[in-house]
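This is data-v6.txt. It holds compact mmCIF, C-alpha atoms.
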# COMPACT_ATOMS: atom_id res chain seq x y z
CA MET A 1 52.24 80.27 103.31
CA THR A 2 52.08 76.71 102.01
CA ARG A 3 49.51 74.12 102.95
CA ALA A 4 52.29 71.80 104.17
CA LEU A 5 53.52 74.46 106.59
CA ARG A 6 50.03 75.05 107.96
CA THR A 7 49.66 71.29 108.39
CA ALA A 8 52.98 71.13 110.24
CA ARG A 9 51.87 73.88 112.60
CA ALA A 10 48.55 72.16 113.28
CA GLY A 11 50.39 68.90 113.90
CA ALA A 12 52.75 70.53 116.38
CA ILE A 13 49.89 72.17 118.28
CA LEU A 14 47.93 68.91 118.43
CA THR A 15 51.03 67.14 119.71
CA PHE A 16 51.09 69.59 122.64
CA VAL A 17 47.37 68.91 123.20
CA LEU A 18 47.96 65.16 123.18
CA ALA A 19 50.87 65.42 125.62
CA GLY A 20 48.79 67.55 127.99
CA LEU A 21 45.94 65.04 127.77
CA MET A 22 48.11 62.00 128.57
CA CYS A 23 50.02 63.66 131.40
CA GLY A 24 46.90 65.30 132.83
CA THR A 25 44.96 62.03 132.80
CA PHE A 26 47.60 60.33 134.95
CA THR A 27 47.59 63.25 137.38
CA VAL A 28 43.81 63.53 137.61
CA ARG A 29 43.24 59.82 138.28
CA LEU A 30 46.23 59.32 140.60
CA PRO A 31 44.02 59.59 143.74
CA ALA A 32 41.92 56.69 142.43
CA LEU A 33 45.05 54.61 141.89
CA ALA A 34 46.30 55.53 145.36
CA GLY A 35 43.00 54.35 146.82
CA ARG A 36 43.09 51.08 144.88
CA LEU A 37 46.63 50.26 146.04
CA HIS A 38 46.11 51.74 149.54
CA LEU A 39 49.04 54.13 149.15
CA SER A 40 50.12 56.71 151.70
CA GLU A 41 50.88 60.30 150.72
CA SER A 42 54.60 59.59 150.90
CA SER A 43 54.17 56.63 148.53
CA VAL A 44 52.30 58.82 146.05
CA GLY A 45 55.10 61.35 146.34
CA LEU A 46 57.67 58.66 145.51
CA ALA A 47 55.65 57.59 142.47
CA LEU A 48 55.56 61.18 141.23
CA LEU A 49 59.26 61.52 141.96
CA SER A 50 60.03 58.43 139.86
CA TRP A 51 58.02 59.98 137.01
CA GLY A 52 59.96 63.24 137.27
CA VAL A 53 63.35 61.57 137.53
CA GLY A 54 62.55 59.41 134.51
CA ALA A 55 61.62 62.50 132.51
CA LEU A 56 64.74 64.33 133.65
CA VAL A 57 67.07 61.44 132.73
CA THR A 58 65.58 61.18 129.24
CA MET A 59 65.83 64.93 128.71
CA GLN A 60 69.55 64.82 129.41
CA LEU A 61 69.96 61.97 126.91
CA MET A 62 68.01 63.93 124.31
CA ARG A 63 70.98 66.26 123.74
CA VAL A 64 72.63 63.38 121.88
CA VAL A 65 69.57 61.54 120.58
CA MET A 66 67.92 64.64 119.08
CA ALA A 67 71.08 65.53 117.18
CA ARG A 68 70.96 62.15 115.45
CA ALA A 69 67.26 61.30 115.12
CA GLY A 70 65.66 64.75 114.97
CA SER A 71 62.48 65.85 116.72
CA GLY A 72 60.19 64.06 114.26
CA GLY A 73 62.04 60.77 114.68
CA VAL A 74 61.83 60.99 118.48
CA LEU A 75 58.12 61.88 118.41
CA ARG A 76 57.30 59.01 116.07
CA ILE A 77 58.63 56.61 118.71
CA GLY A 78 58.14 58.53 121.96
CA ALA A 79 54.46 59.50 121.60
CA PRO A 80 53.23 55.93 120.95
CA LEU A 81 55.42 54.71 123.82
CA CYS A 82 53.88 57.35 126.05
CA ALA A 83 50.41 56.03 125.16
CA ALA A 84 51.57 52.44 125.72
CA SER A 85 52.96 53.33 129.15
CA LEU A 86 49.46 54.47 130.16
CA VAL A 87 48.37 50.87 129.56
CA LEU A 88 51.09 49.68 131.95
CA LEU A 89 49.92 52.18 134.56
CA ALA A 90 46.33 51.01 134.12
CA PHE A 91 47.23 47.49 135.29
CA VAL A 92 49.87 48.08 137.99
CA PRO A 93 49.21 45.54 140.79
CA SER A 94 51.49 46.94 143.49
CA PHE A 95 53.48 49.95 144.65
CA PRO A 96 56.84 48.72 143.26
CA ALA A 97 55.16 48.14 139.90
CA LEU A 98 53.70 51.65 140.07
CA VAL A 99 57.14 53.17 140.68
CA ALA A 100 58.57 51.28 137.72
CA ALA A 101 55.66 52.12 135.41
CA SER A 102 55.76 55.77 136.48
CA ALA A 103 59.45 55.94 135.67
CA LEU A 104 58.82 54.45 132.20
CA PHE A 105 55.97 56.89 131.62
CA GLY A 106 58.23 59.74 132.72
CA MET A 107 61.01 58.62 130.39
CA ALA A 108 58.65 58.43 127.41
CA PHE A 109 57.06 61.74 128.30
CA GLY A 110 60.44 63.43 128.77
CA ALA A 111 61.39 62.45 125.22
CA VAL A 112 58.06 63.73 123.89
CA ASP A 113 58.34 67.01 125.80
CA VAL A 114 61.77 67.86 124.40
CA ALA A 115 60.93 66.68 120.90
CA MET A 116 57.64 68.55 120.62
CA ASN A 117 59.37 71.78 121.70
CA ALA A 118 62.11 71.18 119.14
CA GLN A 119 59.48 70.46 116.48
CA GLY A 120 57.70 73.65 117.50
CA SER A 121 60.99 75.51 117.07
CA ALA A 122 61.44 74.01 113.59
CA VAL A 123 57.95 75.14 112.58
CA GLU A 124 58.53 78.54 114.15
CA ARG A 125 61.72 79.00 112.14
CA ALA A 126 59.90 78.08 108.95
CA TYR A 127 57.21 80.65 109.77
CA GLY A 128 59.86 83.28 110.52
CA ARG A 129 57.88 84.72 113.44
CA PRO A 130 57.05 83.76 117.04
CA ILE A 131 54.35 81.06 117.35
CA MET A 132 55.68 78.95 120.24
CA SER A 133 53.40 80.41 122.89
CA GLY A 134 50.35 79.41 120.88
CA MET A 135 51.69 75.86 120.71
CA HIS A 136 52.07 75.76 124.47
CA ALA A 137 48.44 76.86 124.69
CA GLY A 138 47.73 73.43 123.23
CA TRP A 139 49.22 71.89 126.38
CA CYS A 140 46.76 73.88 128.50
CA VAL A 141 43.89 72.67 126.31
CA GLY A 142 45.04 69.08 126.77
CA ALA A 143 45.47 69.44 130.53
CA ILE A 144 42.07 71.10 130.96
CA SER A 145 40.48 68.43 128.76
CA ALA A 146 42.06 65.75 130.94
CA GLY A 147 40.54 67.36 134.02
CA LEU A 148 37.07 67.59 132.46
CA ALA A 149 37.28 64.04 131.12
CA GLY A 150 38.44 62.81 134.51
CA THR A 151 35.48 64.47 136.20
CA ALA A 152 33.12 62.91 133.67
CA ALA A 153 34.75 59.48 134.10
CA ILE A 154 34.39 59.66 137.86
CA ALA A 155 30.76 60.75 137.55
CA ALA A 156 30.11 57.86 135.15
CA GLY A 157 31.72 55.41 137.56
CA LEU A 158 34.58 54.43 135.24
CA SER A 159 37.44 52.75 137.03
CA PHE A 160 41.01 54.01 136.87
CA THR A 161 41.93 51.10 134.60
CA VAL A 162 39.13 51.63 132.09
CA HIS A 163 39.71 55.38 131.96
CA LEU A 164 43.44 55.05 131.21
CA LEU A 165 42.79 52.36 128.62
CA LEU A 166 40.31 54.61 126.82
CA VAL A 167 42.77 57.52 126.77
CA ALA A 168 45.54 55.23 125.54
CA ALA A 169 43.24 53.80 122.85
CA VAL A 170 42.61 57.32 121.56
CA SER A 171 46.16 58.62 121.99
CA LEU A 172 47.98 55.82 120.16
CA PRO A 173 46.31 56.20 116.73
CA VAL A 174 46.28 59.99 117.02
CA SER A 175 50.04 59.99 117.65
CA LEU A 176 50.56 57.85 114.55
CA VAL A 177 48.51 60.23 112.41
CA LEU A 178 50.36 63.28 113.76
CA SER A 179 53.71 61.65 112.95
CA ARG A 180 53.03 62.33 109.27
CA THR A 181 52.92 66.11 109.82
CA TYR A 182 56.37 66.77 111.32
CA LEU A 183 59.04 68.89 109.64
CA PRO A 184 62.72 67.89 109.48
CA ASP A 185 64.86 69.74 112.00
CA PRO A 186 66.98 72.58 110.61
CA ALA A 187 70.62 71.69 109.92
CA ALA A 188 70.04 68.06 110.91
CA GLU A 189 71.82 66.87 107.78
CA THR A 190 74.95 68.91 108.46
CA ALA A 191 75.24 68.37 112.17
CA GLY A 192 78.35 66.77 113.60
CA PRO A 193 78.34 63.81 115.98
CA SER A 194 77.49 66.00 118.93
CA GLY A 195 74.71 67.86 117.18
CA THR A 196 76.63 71.00 116.22
CA ARG A 197 77.87 71.94 112.78
CA ASP A 198 81.50 71.71 113.75
CA GLY A 199 81.06 68.57 115.83
CA ARG A 200 82.35 70.06 119.09
CA ARG A 201 80.88 67.87 121.76
CA GLY A 202 78.68 69.41 124.42
CA ARG A 203 79.38 73.06 123.64
CA LEU A 204 76.27 75.21 123.82
CA PRO A 205 76.12 79.02 123.93
CA GLY A 206 76.03 80.50 127.41
CA VAL A 207 72.63 82.04 126.69
CA VAL A 208 71.15 78.52 126.55
CA TYR A 209 72.05 77.98 130.20
CA LEU A 210 70.67 81.41 131.11
CA LEU A 211 67.41 80.49 129.39
CA GLY A 212 67.52 77.13 131.22
CA ALA A 213 67.80 79.00 134.53
CA ILE A 214 64.79 81.14 133.61
CA THR A 215 62.86 77.99 132.65
CA PHE A 216 63.94 76.40 135.95
CA ALA A 217 62.42 79.28 137.93
CA ALA A 218 59.22 79.40 135.84
CA PHE A 219 58.65 75.65 136.13
CA MET A 220 59.36 75.84 139.84
CA VAL A 221 56.58 78.42 140.23
CA GLU A 222 54.22 76.21 138.21
CA GLY A 223 55.14 73.22 140.39
CA VAL A 224 54.42 75.18 143.56
CA VAL A 225 50.95 76.08 142.27
CA ALA A 226 50.20 72.54 141.08
CA ASP A 227 51.31 70.74 144.24
CA TRP A 228 50.68 73.19 147.07
CA ASN A 229 47.82 75.53 146.16
CA GLY A 230 45.16 73.07 147.31
CA LEU A 231 46.81 72.48 150.69
CA TYR A 232 47.35 76.22 151.09
CA LEU A 233 43.70 77.00 150.38
CA ILE A 234 42.45 74.30 152.75
CA GLY A 235 45.01 74.47 155.55
CA THR A 236 45.78 78.20 155.64
CA LEU A 237 42.62 79.87 154.34
CA GLY A 238 40.11 77.25 155.54
CA ALA A 239 38.57 76.60 152.13
CA PRO A 240 36.28 73.61 151.63
CA GLU A 241 37.69 70.90 149.38
CA ALA A 242 35.36 71.81 146.50
CA VAL A 243 36.63 75.41 146.48
CA ALA A 244 40.26 74.35 146.85
CA ALA A 245 39.89 72.06 143.84
CA LEU A 246 39.17 75.13 141.69
CA GLY A 247 42.62 76.64 142.26
CA TYR A 248 44.59 74.64 139.69
CA PRO A 249 41.98 74.71 136.87
CA VAL A 250 41.66 78.47 137.34
CA PHE A 251 45.44 78.77 137.16
CA GLU A 252 45.51 76.68 133.95
CA ALA A 253 42.74 78.83 132.48
CA GLY A 254 44.85 81.93 133.10
CA MET A 255 47.80 80.25 131.41
CA LEU A 256 45.66 79.34 128.41
CA VAL A 257 44.45 82.91 127.93
CA ALA A 258 47.97 84.31 128.19
CA ARG A 259 49.48 81.77 125.81
CA LEU A 260 46.83 82.40 123.18
CA GLY A 261 47.92 86.04 123.07
CA GLY A 262 51.58 85.56 124.02
CA ASP A 263 53.00 85.52 120.49
CA ARG A 264 51.36 88.85 119.64
CA LEU A 265 52.68 90.41 122.82
CA ARG A 266 56.15 89.09 122.08
CA GLY A 267 56.00 90.49 118.57
CA ARG A 268 55.01 93.89 119.91
CA PHE A 269 57.22 94.27 122.98
CA GLY A 270 60.04 91.77 122.37
CA ALA A 271 60.97 88.60 124.24
CA ARG A 272 63.31 90.16 126.80
CA ALA A 273 60.88 92.90 127.83
CA LEU A 274 58.01 90.42 128.06
CA ILE A 275 59.98 87.96 130.22
CA VAL A 276 61.10 90.78 132.53
CA SER A 277 57.54 92.06 132.96
CA SER A 278 56.14 88.52 133.32
CA GLY A 279 58.61 87.71 136.08
CA ALA A 280 57.74 90.90 137.94
CA ALA A 281 54.01 90.25 137.48
CA THR A 282 54.44 86.69 138.79
CA ALA A 283 56.02 88.04 141.97
CA ALA A 284 53.29 90.66 142.39
CA THR A 285 50.37 88.29 141.80
CA TYR A 286 51.78 85.68 144.15
CA LEU A 287 51.95 88.37 146.80
CA VAL A 288 48.21 88.85 146.23
CA VAL A 289 47.64 85.14 146.94
CA ILE A 290 49.73 85.29 150.10
CA ALA A 291 47.91 88.38 151.34
CA ALA A 292 44.43 87.23 150.24
CA PRO A 293 41.90 87.47 153.10
CA SER A 294 39.72 84.63 151.80
CA ALA A 295 39.93 81.48 149.73
CA PHE A 296 37.77 82.97 146.96
CA ALA A 297 40.13 85.92 146.62
CA ALA A 298 43.11 83.55 146.47
CA VAL A 299 41.44 81.40 143.80
CA ALA A 300 40.78 84.50 141.71
CA ALA A 301 44.43 85.50 142.12
CA MET A 302 45.47 82.06 140.81
CA PHE A 303 44.08 83.18 137.46
CA LEU A 304 46.38 86.22 137.58
CA ILE A 305 49.40 84.02 138.38
CA GLY A 306 48.55 81.89 135.35
CA LEU A 307 48.38 85.01 133.19
CA SER A 308 51.74 86.17 134.51
CA VAL A 309 53.89 83.03 134.35
CA ALA A 310 52.37 81.38 131.26
CA THR A 311 54.54 82.85 128.51
CA ILE A 312 57.91 82.61 130.25
CA SER A 313 58.77 78.98 129.53
CA PRO A 314 57.47 79.00 125.91
CA MET A 315 59.57 82.07 125.13
CA ALA A 316 62.62 80.58 126.84
CA MET A 317 62.24 77.35 124.83
CA SER A 318 61.78 79.32 121.64
CA LEU A 319 64.86 81.43 122.25
CA ALA A 320 66.91 78.35 123.14
CA GLY A 321 65.83 76.81 119.85
CA THR A 322 67.16 79.79 117.89
CA ALA A 323 70.46 79.99 119.81
CA THR A 324 72.11 77.16 117.83
CA ALA A 325 71.99 75.82 114.29
CA THR A 326 70.24 72.65 115.52
CA PRO A 327 67.53 73.38 118.13
CA GLY A 328 67.20 69.90 119.66
CA PRO A 329 70.24 69.81 122.00
CA ALA A 330 69.68 73.39 123.22
CA ILE A 331 66.00 72.77 123.92
CA ALA A 332 66.88 69.50 125.66
CA GLN A 333 69.29 71.36 127.97
CA ALA A 334 66.82 74.14 128.78
CA GLY A 335 64.01 71.62 129.23
CA ALA A 336 66.05 69.44 131.59
CA MET A 337 66.90 72.47 133.71
CA GLY A 338 63.23 73.42 133.74
CA TYR A 339 62.08 70.01 134.91
CA ALA A 340 64.66 70.10 137.67
CA GLY A 341 62.81 73.17 138.94
CA LEU A 342 59.48 71.37 138.63
CA LEU A 343 60.86 68.59 140.86
CA LEU A 344 62.66 70.85 143.31
CA GLY A 345 59.90 73.42 143.85
CA PRO A 346 57.48 71.29 145.89
CA VAL A 347 60.38 69.92 147.95
CA VAL A 348 61.64 73.40 148.82
CA ILE A 349 58.16 74.58 149.78
CA GLY A 350 57.66 71.53 151.99
CA PHE A 351 61.00 72.04 153.73
CA VAL A 352 60.50 75.77 154.34
CA SER A 353 56.92 75.27 155.50
CA THR A 354 58.07 72.83 158.19
CA LEU A 355 60.48 75.46 159.49
CA THR A 356 58.03 78.38 159.30
CA SER A 357 54.54 78.12 157.80
CA LEU A 358 53.04 77.35 154.41
CA ARG A 359 52.10 81.01 153.93
CA ALA A 360 55.71 82.05 154.57
CA ALA A 361 57.01 79.29 152.30
CA MET A 362 54.91 80.66 149.44
CA VAL A 363 57.19 83.73 149.44
CA THR A 364 59.62 81.46 147.57
CA ALA A 365 57.48 81.91 144.46
CA VAL A 366 57.69 85.68 144.86
CA VAL A 367 61.48 85.48 144.98
CA LEU A 368 61.51 83.26 141.90
CA GLY A 369 59.45 85.79 139.96
CA LEU A 370 61.91 88.53 140.84
CA LEU A 371 64.86 86.33 139.85
CA ILE A 372 63.25 85.72 136.45
CA ALA A 373 62.87 89.46 135.93
CA VAL A 374 66.51 90.09 136.87
CA ALA A 375 67.92 87.18 134.83
CA ALA A 376 65.99 88.24 131.73
CA ARG A 377 67.80 91.58 131.77
CA PHE A 378 70.93 89.69 130.66
CA LEU A 379 69.29 88.29 127.52
CA PRO A 380 70.32 89.81 124.17
CA ALA A 381 68.82 93.23 123.61
CA SER A 382 67.18 92.31 120.28
CA ARG A 383 63.52 91.43 120.38
CA THR A 384 64.37 87.77 119.91
CA LEU A 385 67.49 85.81 119.22
CA PRO A 386 67.94 85.65 115.44
CA PHE A 387 66.09 82.99 113.50
CA ARG A 388 68.85 81.16 111.62
CA ARG A 389 68.57 79.88 108.08
CA VAL A 390 66.86 76.54 107.76
CA PRO A 391 66.05 74.24 104.84
CA ARG A 392 62.77 75.16 103.19
CA ALA A 393 61.45 72.37 101.03
CA LEU A 394 57.81 73.07 101.71
CA ASP A 395 57.26 75.17 98.61
CA GLY A 396 59.48 73.21 96.27
CA ARG A 397 62.76 75.01 96.93
CA THR A 398 65.52 74.91 99.53
CA ALA A 399 67.28 77.85 101.10
CA GLU A 400 71.00 77.58 100.39
CA ASP A 401 73.86 79.80 101.43
CA GLY A 402 73.15 82.25 98.66
CA ASP A 403 69.43 82.63 99.38
CA GLU A 404 67.82 85.19 101.62
CA PRO A 405 67.53 84.09 105.26
CA LEU A 406 64.17 83.65 106.85
CA PRO A 407 62.62 86.85 108.19
CA ARG A 408 63.61 87.82 111.70
CA ALA A 409 60.80 87.58 114.19
CA ALA A 410 59.40 90.96 115.14

Output the file's structure as structure tokens, nothing else.
Amino acid sequence: MTRALRTARAGAILTFVLAGLMCGTFTVRLPALAGRLHLSESSVGLALLSWGVGALVTMQLMRVVMARAGSGGVLRIGAPLCAASLVLLAFVPSFPALVAASALFGMAFGAVDVAMNAQGSAVERAYGRPIMSGMHAGWCVGAISAGLAGTAAIAAGLSFTVHLLLVAAVSLPVSLVLSRTYLPDPAAETAGPSGTRDGRRGRLPGVVYLLGAITFAAFMVEGVVADWNGLYLIGTLGAPEAVAALGYPVFEAGMLVARLGGDRLRGRFGARALIVSSGAATAATYLVVIAAPSAFAAVAAMFLIGLSVATISPMAMSLAGTATATPGPAIAQAGAMGYAGLLLGPVVIGFVSTLTSLRAAMVTAVVLGLLIAVAARFLPASRTLPFRRVPRALDGRTAEDGDEPLPRAA
């Protein structure tokens, strides 16, 4: 294991941490911005929607951009732009400006999200074993850090503007330092104009779309927890606001624990078996939340949901990255499908809850968990999709057609 490869892995993990910090900071301080601009709940929802649509649009474009620029090239531009967009958000004077700035932030973040997963796939291929789940644990660390920093900023009396400027001031130089650690994408030099070796435009293996559907369902579950767990705890279970605020951090803590051990579990049981069991566990643990007699029991069950759903999207992204010679376009497709679920989930819950009740609407997450378990049964039977050959210049040599391929992940 070369020092350069260890540095690349550390750089990829820290990129996930940085992305979680920037995105989490915007989310945590959004109520303060809403208060400053006197926004209604519907206006806040539109601002979040503009962020999500911006991210989704960029992710679709990344199928072409990633094939040409590579994940490192996108991150070297996208991460600093993401930090710069926080500065724009810090100074928005009105609701229309907020919608525009949120869309720009979403577009920059969408590029970073796809590129950091593609970079993670490149590092994972070079390692020859699963490490993607551990990288996604970095996102949880960043998101939790954003929450703790937000709490400290509020306690210290820092305004929304000052807080975002401080995070941007830290994030910009860090992103520039991390840009020196990225590996070149595999097969980037031999890719055709559409990002495939033979240049056939837009053709991805069918398994990429299956993995995108699994990511869609997993992200939809995560979106339901993020956007509706607080209202469920307060409105349905009568929890005080302080208790309800614990739901999402507890969920993120469960995700962090699972992702730290996810790669070992995948190596032992295989990706397909782990996704099947994770989907079933997600359904079962969400049933516990729905049936919980008290808010404290429901909050505790949020930790179990985090444990259950955490490894699904990292494994799906990892498998998508190994399904083609160049991981970027495949990861962009799976990521775009996933973010569609993140946007659609809260909308579906809101619509169903108006027809029935919020408790009944939460059954949607149970159904999604079962669908993940069923869909994963159609993944290839091997423990992972094969890790394809990639250039290895980290130890002074390059793997050519006559060399041994990288080891298959266990």

If we count only C-alpha atoms and set the cut-off at 10 Å, which residues sit around segment 285-288 of chain A, ignoring sequence neighbours fewer than 4 positions away in its own chain? Please answer as a ChimeraX atom specification. /A:221,225,280-281,292-293,297-298,300-309,362-367,369

Mind pulling up the distance from atom CA of Ala143 of chain A to atom CA of Ala361 of chain A?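 Separation of atom CA of Ala361 of chain A and atom CA of Ala143 of chain A: 26.5 Å.
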
So the first atom is atom CA of Leu231 of chain A and the second is atom CA of Ile214 of chain A; what is the distance between them in Å, to one decimal place? 26.3 Å

Among the residues A:Val347, A:Ala291, A:Leu204, A:Leu75, the one that comes closest to Ala115 of chain A [using all atoms listed in the file]: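 Distance minimum relative to Ala115 of chain A lands on A:Leu75.
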
Using only C-alpha atoms, which protein or nucleic acid residues come within 12 Å of Ser133 of chain A? Drop anything in the same chain fewer than 4 positions from it, and give the result as a PyMOL selection string. chain A and resi 12-13+16+117+120-121+124+129+137-140+255-267+271+309-319

Residue among A:Ser85, A:Asn229, A:Thr151, A:Gln333 lying closest to Gly106 of chain A, counting all atoms listed in the file: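 Among A:Ser85, A:Asn229, A:Thr151, A:Gln333, it is A:Ser85 that comes nearest to Gly106 of chain A.
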
Listed atoms of segment 276-295 of chain A boxed axis-aligned with 3 Å per side, centre + edges as AutoDock Vina command-line options:
--center_x 50.4 --center_y 86.8 --center_z 142.8 --size_x 27.4 --size_y 16.6 --size_z 26.6

Interatomic distance (Å, one decimal) between atom CA of Val74 of chain A and atom CA of Leu18 of chain A: 15.2 Å

Smallest atom-to-atom distance to Ala108 of chain A: which of A:Leu56, A:Val162, A:Ala122, A:Ile290, using only C-alpha atoms? A:Leu56

Using all atoms listed in the file: which of A:Leu89, A:Leu379, A:Val65, A:Ala153 has the shortest distance to Leu33 of chain A: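 The closest residue to Leu33 of chain A is A:Leu89.
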
Nearest to Ala111 of chain A: which of A:Leu164, A:Ala325, A:Ile331, A:Leu274 is it, counting all atoms listed in the file?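 Distance minimum relative to Ala111 of chain A lands on A:Ile331.
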
Counting all atoms listed in the file, the residue of A:Leu14, A:Val141, A:Met66, A:Ala253 that sits nearest Ser171 of chain A: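 Under the stated criterion, the closest residue is A:Leu14.
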
Would you mind listing what lies within 12 Å of Thr7 of chain A as a ChimeraX atom specification, with all atoms listed in the file counted and same-chain residues fewer than 2 positions away left out? /A:1-5,9-14,123,177-183,394

Neighbour list for segment 93-105 of chain A as a VMD selection string, cut-off 12 Å, all atoms listed in the file, skip fewer than 6 positions in-chain: chain A and resid 19 22 to 23 26 to 27 30 33 to 40 42 to 58 78 to 87 111 to 113 161
